[in-house]
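Reproduced below: final.txt, with compact mmCIF, C-alpha atoms.
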# COMPACT_ATOMS: atom_id res chain seq x y z
CA MET A 2 110.71 105.70 136.82
CA PRO A 3 109.53 102.90 134.54
CA GLN A 4 111.33 102.48 131.23
CA TYR A 5 108.97 102.47 128.27
CA PRO A 6 109.99 101.18 124.86
CA LYS A 7 111.04 103.96 122.50
CA CYS A 8 108.69 104.78 119.68
CA SER A 9 110.76 104.16 116.56
CA TRP A 10 108.66 106.39 114.28
CA LYS A 11 108.56 109.44 116.58
CA LYS A 12 110.92 111.38 114.31
CA ILE A 13 108.52 111.02 111.40
CA THR A 14 105.59 112.63 113.17
CA ILE A 15 107.00 114.94 115.87
CA GLY A 16 107.92 118.31 114.45
CA SER A 17 106.37 117.39 111.12
CA LYS A 18 105.23 120.29 108.95
CA ALA A 19 102.29 118.18 107.72
CA LEU A 20 98.75 119.48 107.91
CA THR A 21 96.92 118.65 111.12
CA ARG A 22 94.40 116.38 109.38
CA HIS A 23 97.27 114.51 107.73
CA GLN A 24 99.05 114.11 111.07
CA SER A 25 95.91 112.74 112.74
CA ILE A 26 95.38 110.00 110.17
CA GLN A 27 99.11 109.24 110.06
CA TRP A 28 99.16 108.86 113.85
CA LEU A 29 96.26 106.40 113.70
CA ALA A 30 97.96 104.52 110.86
CA MET A 31 101.26 104.30 112.75
CA HIS A 32 99.39 102.82 115.70
CA LYS A 33 97.50 100.53 113.26
CA LYS A 34 94.21 101.90 114.56
CA LEU A 35 92.52 102.82 111.27
CA THR A 36 89.24 100.93 110.99
CA THR A 37 90.10 98.75 108.04
CA VAL A 38 87.87 95.83 107.06
CA ASP A 39 89.94 93.25 108.93
CA ARG A 40 89.65 95.29 112.17
CA LEU A 41 85.89 95.77 111.68
CA ARG A 42 85.41 92.03 111.19
CA LYS A 43 87.40 91.27 114.35
CA GLY A 44 84.96 93.55 116.16
CA GLY A 45 82.00 91.53 114.86
CA ILE A 46 80.88 94.02 112.19
CA SER A 47 79.90 92.44 108.89
CA VAL A 48 81.22 94.39 105.89
CA ALA A 49 82.31 93.62 102.35
CA THR A 50 85.92 92.50 102.55
CA ASP A 51 87.17 93.50 99.10
CA CYS A 52 89.62 96.36 98.77
CA VAL A 53 87.72 99.21 97.11
CA LEU A 54 90.92 100.81 95.83
CA TYR A 55 92.38 97.71 94.22
CA GLU A 56 88.94 96.58 92.97
CA LYS A 57 89.80 92.90 93.34
CA SER A 58 88.93 90.18 95.81
CA ILE A 59 91.68 90.97 98.30
CA GLU A 60 90.86 91.61 101.95
CA GLU A 61 91.47 95.18 103.04
CA THR A 62 94.15 95.28 105.74
CA MET A 63 96.56 98.05 106.75
CA GLU A 64 99.47 96.34 105.00
CA HIS A 65 97.43 95.83 101.84
CA LEU A 66 95.90 99.31 101.79
CA TYR A 67 99.22 101.08 102.20
CA PHE A 68 101.87 98.86 100.65
CA GLU A 69 100.32 96.20 98.45
CA CYS A 70 97.58 98.26 96.81
CA ASP A 71 98.42 99.77 93.42
CA TYR A 72 96.61 103.02 94.31
CA PHE A 73 98.95 103.79 97.21
CA GLY A 74 101.98 102.56 95.31
CA HIS A 75 101.23 104.81 92.35
CA LEU A 76 100.75 107.90 94.53
CA TRP A 77 103.87 107.36 96.64
CA ALA A 78 106.16 106.28 93.78
CA THR A 79 105.05 109.17 91.55
CA LEU A 80 105.60 111.76 94.28
CA LEU A 81 109.00 110.33 95.24
CA LYS A 82 110.06 110.39 91.58
CA TRP A 83 108.75 113.97 91.31
CA LEU A 84 110.97 114.92 94.25
CA GLY A 85 113.94 113.21 92.62
CA GLU A 86 114.16 110.47 95.25
CA THR A 87 115.41 107.05 94.23
CA HIS A 88 113.75 104.61 96.56
CA THR A 89 112.11 101.21 96.22
CA ILE A 90 108.87 101.05 98.19
CA GLY A 91 108.85 98.27 100.76
CA SER A 92 106.57 97.14 103.57
CA TRP A 93 105.07 99.38 106.25
CA ASN A 94 108.04 98.73 108.59
CA ALA A 95 110.63 99.15 105.83
CA GLU A 96 109.10 102.44 104.75
CA THR A 97 108.98 103.68 108.35
CA GLU A 98 112.66 102.82 108.79
CA TRP A 99 113.56 104.61 105.55
CA LEU A 100 111.63 107.69 106.63
CA GLU A 101 113.31 107.66 110.06
CA LYS A 102 116.71 107.74 108.39
CA ARG A 103 115.54 110.66 106.24
CA SER A 104 114.11 112.51 109.24
CA SER A 105 116.23 115.53 109.83
CA SER A 106 115.63 119.24 109.71
CA ARG A 107 116.80 119.39 106.10
CA VAL A 108 114.23 120.81 103.73
CA ARG A 109 114.19 117.72 101.49
CA ALA A 110 113.48 115.45 104.47
CA GLN A 111 110.68 117.76 105.60
CA LEU A 112 109.13 117.60 102.13
CA VAL A 113 109.36 113.80 102.09
CA ARG A 114 107.70 113.58 105.53
CA PHE A 115 104.98 116.02 104.43
CA LEU A 116 104.27 114.01 101.30
CA TYR A 117 104.21 110.71 103.18
CA ALA A 118 101.65 112.04 105.67
CA ALA A 119 99.63 113.48 102.78
CA VAL A 120 99.64 110.18 100.87
CA VAL A 121 98.57 108.22 103.97
CA TYR A 122 95.75 110.73 104.52
CA HIS A 123 94.60 110.83 100.88
CA VAL A 124 94.58 107.06 100.51
CA TRP A 125 92.37 106.86 103.60
CA VAL A 126 90.04 109.58 102.27
CA GLU A 127 89.81 107.89 98.88
CA ARG A 128 89.11 104.55 100.52
CA ASN A 129 86.30 106.09 102.58
CA GLN A 130 84.79 107.95 99.63
CA ARG A 131 84.72 104.80 97.53
CA ARG A 132 83.43 102.59 100.33
CA PHE A 133 80.77 104.87 101.78
CA GLN A 134 79.89 107.48 99.13
CA ASP A 135 80.53 105.59 95.89
CA LYS A 136 82.80 108.41 94.66
CA LYS A 137 86.08 107.90 92.83
CA ILE A 138 89.01 110.21 92.19
CA THR A 139 91.86 109.03 90.02
CA SER A 140 95.34 108.74 91.47
CA GLN A 141 96.50 111.52 89.10
CA GLN A 142 93.88 113.89 90.54
CA ARG A 143 94.90 112.91 94.10
CA ILE A 144 98.52 113.67 93.20
CA LYS A 145 97.48 117.14 92.08
CA PHE A 146 95.61 117.70 95.38
CA ILE A 147 98.69 116.63 97.34
CA ILE A 148 101.01 118.88 95.34
CA LEU A 149 98.66 121.84 95.81
CA GLU A 150 98.60 121.17 99.56
CA LEU A 151 102.40 121.01 99.59
CA HIS A 152 102.75 124.32 97.76
CA THR A 153 100.08 125.96 99.91
CA ARG A 154 101.81 124.78 103.10
CA GLY A 155 105.12 125.83 101.60
CA GLN A 156 103.94 129.45 101.51
CA LYS A 157 104.34 129.47 105.30
CA GLU A 158 107.76 127.80 105.25
CA MET A 159 110.39 130.22 103.93
CA LYS A 160 113.07 127.49 103.90
CA TRP A 161 110.97 125.47 101.47
CA GLN A 162 110.70 128.19 98.83
CA LYS A 163 113.86 127.42 96.86
CA GLU A 164 113.08 123.69 96.73
CA LEU A 165 109.41 124.26 95.83
CA ASP A 166 110.38 126.60 92.99
CA LYS A 167 112.15 123.64 91.36
CA LEU A 168 108.99 121.53 91.79
CA ASN A 169 106.57 123.95 90.19
CA TYR A 170 104.90 121.43 87.85
CA TYR A 171 102.74 118.31 88.01
CA PRO A 172 104.38 114.94 87.44
CA SER A 173 103.22 113.05 84.38

With the file now loaded, output its structure as structure tokens.
Amino acid sequence: MPQYPKCSWKKITIGSKALTRHQSIQWLAMHKKLTTVDRLRKGGISVATDCVLYEKSIEETMEHLYFECDYFGHLWATLLKWLGETHTIGSWNAETEWLEKRSSSRVRAQLVRFLYAAVVYHVWVERNQRRFQDKKITSQQRIKFIILELHTRGQKEMKWQKELDKLNYYPS
């Protein structure tokens, strides 16, 4: 049998309680297969290169979209603070490593993994709405959507109830 390299981020996605649509986008992001501007240009497609979330002349890449862009940073930092997590956001690889260490069956780790998948998904949705539909939703409104999704999903997870009762408010 051939030996294949182990997938370091498997723990983050396998067994995740995230919504299916969140898992799909997260899987594509982990494989760096989201069709960001830099990937479109490599394929010969001419598109505006500016990041639509950052609204400055910075080329949209995976690393920028998810770890350099203020929109992502605000969502992720606010939700981590809301959960009571003390963590400094790093690069894509650093964040993946941190999440792997937090990946256990504990309720808190499940909530962190859910929120991470949700943030990855919502940043991608916001990027697409701004790029293709000229629609904008503030990061505060996105945070509310994510929290509602978490509480809705939490209705099916009995183990989450005690933790979610403590988080029954929107972060400011």

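Interatomic distance, CA of Leu35 (chain A) against CA of Thr62 (chain A): 9.5 Å.
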
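The space between CA of Glu98 (chain A) and CA of Cys52 (chain A) spans 25.9 Å.
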
Q.
For a test of reading the model, state the distance in Å between CA of Gly45 (chain A) and CA of Trp28 (chain A), rounded to one decimal.
A. 24.4 Å

Q) Using only C-alpha atoms, what residues lie at most 12 Å away from (92.1, 93.1, 101.8) (file coordinates), given as number ranges by chain? A) A: 37-42, 48-70, 128

List as a Markdown table every residue of region 37-133 of chain A that is in contact with region 140-158 of chain A, defined as an atom at most 9 Å from one of its atoms (using all atoms listed in the file), together with the nearest atom pair and the distance in Å rounded to one decimal, sorted by chain and then rising number.
| residue | atom | partner | partner_atom | distance |
| --- | --- | --- | --- | --- |
| A:Tyr72 | CA | A:Ser140 | CA | 6.5 |
| A:Phe73 | CA | A:Ser140 | CA | 8.4 |
| A:His75 | CA | A:Ser140 | CA | 7.1 |
| A:Leu76 | CA | A:Ser140 | CA | 6.3 |
| A:Trp77 | CA | A:Ile144 | CA | 9.0 |
| A:Thr79 | CA | A:Ile144 | CA | 8.1 |
| A:Leu80 | CA | A:Ile144 | CA | 7.4 |
| A:Leu112 | CA | A:Leu151 | CA | 8.0 |
| A:Phe115 | CA | A:Leu151 | CA | 7.4 |
| A:Leu116 | CA | A:Ile147 | CA | 7.3 |
| A:Ala119 | CA | A:Ile147 | CA | 6.4 |
| A:Val120 | CA | A:Ile147 | CA | 7.4 |
| A:His123 | CA | A:Arg143 | CA | 7.1 |
| A:Val124 | CA | A:Arg143 | CA | 8.7 |
| A:Glu127 | CA | A:Arg143 | CA | 8.6 |

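If all atoms listed in the file are the atoms counted, then among A:Lys82, A:Lys18, A:Lys160, A:Arg114 the closest residue to Thr97 (chain A) is A:Arg114.
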
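Each of A:Lys102, A:Tyr117, A:Asp166, A:Gln4 was checked against Ala78 (chain A) using only C-alpha atoms; the smallest atom-to-atom distance is that of A:Tyr117.
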
**Q.** Among listed residues A:Met2, A:Leu165, A:Ile13, A:Leu81, nearest Val108 (chain A) (using only C-alpha atoms)
**A.** A:Leu165

Q. With distances taken over all atoms listed in the file, which of A:Leu20, A:Leu84, A:Ala30, A:Ile46 is nearest to Val113 (chain A)?
A. A:Leu84
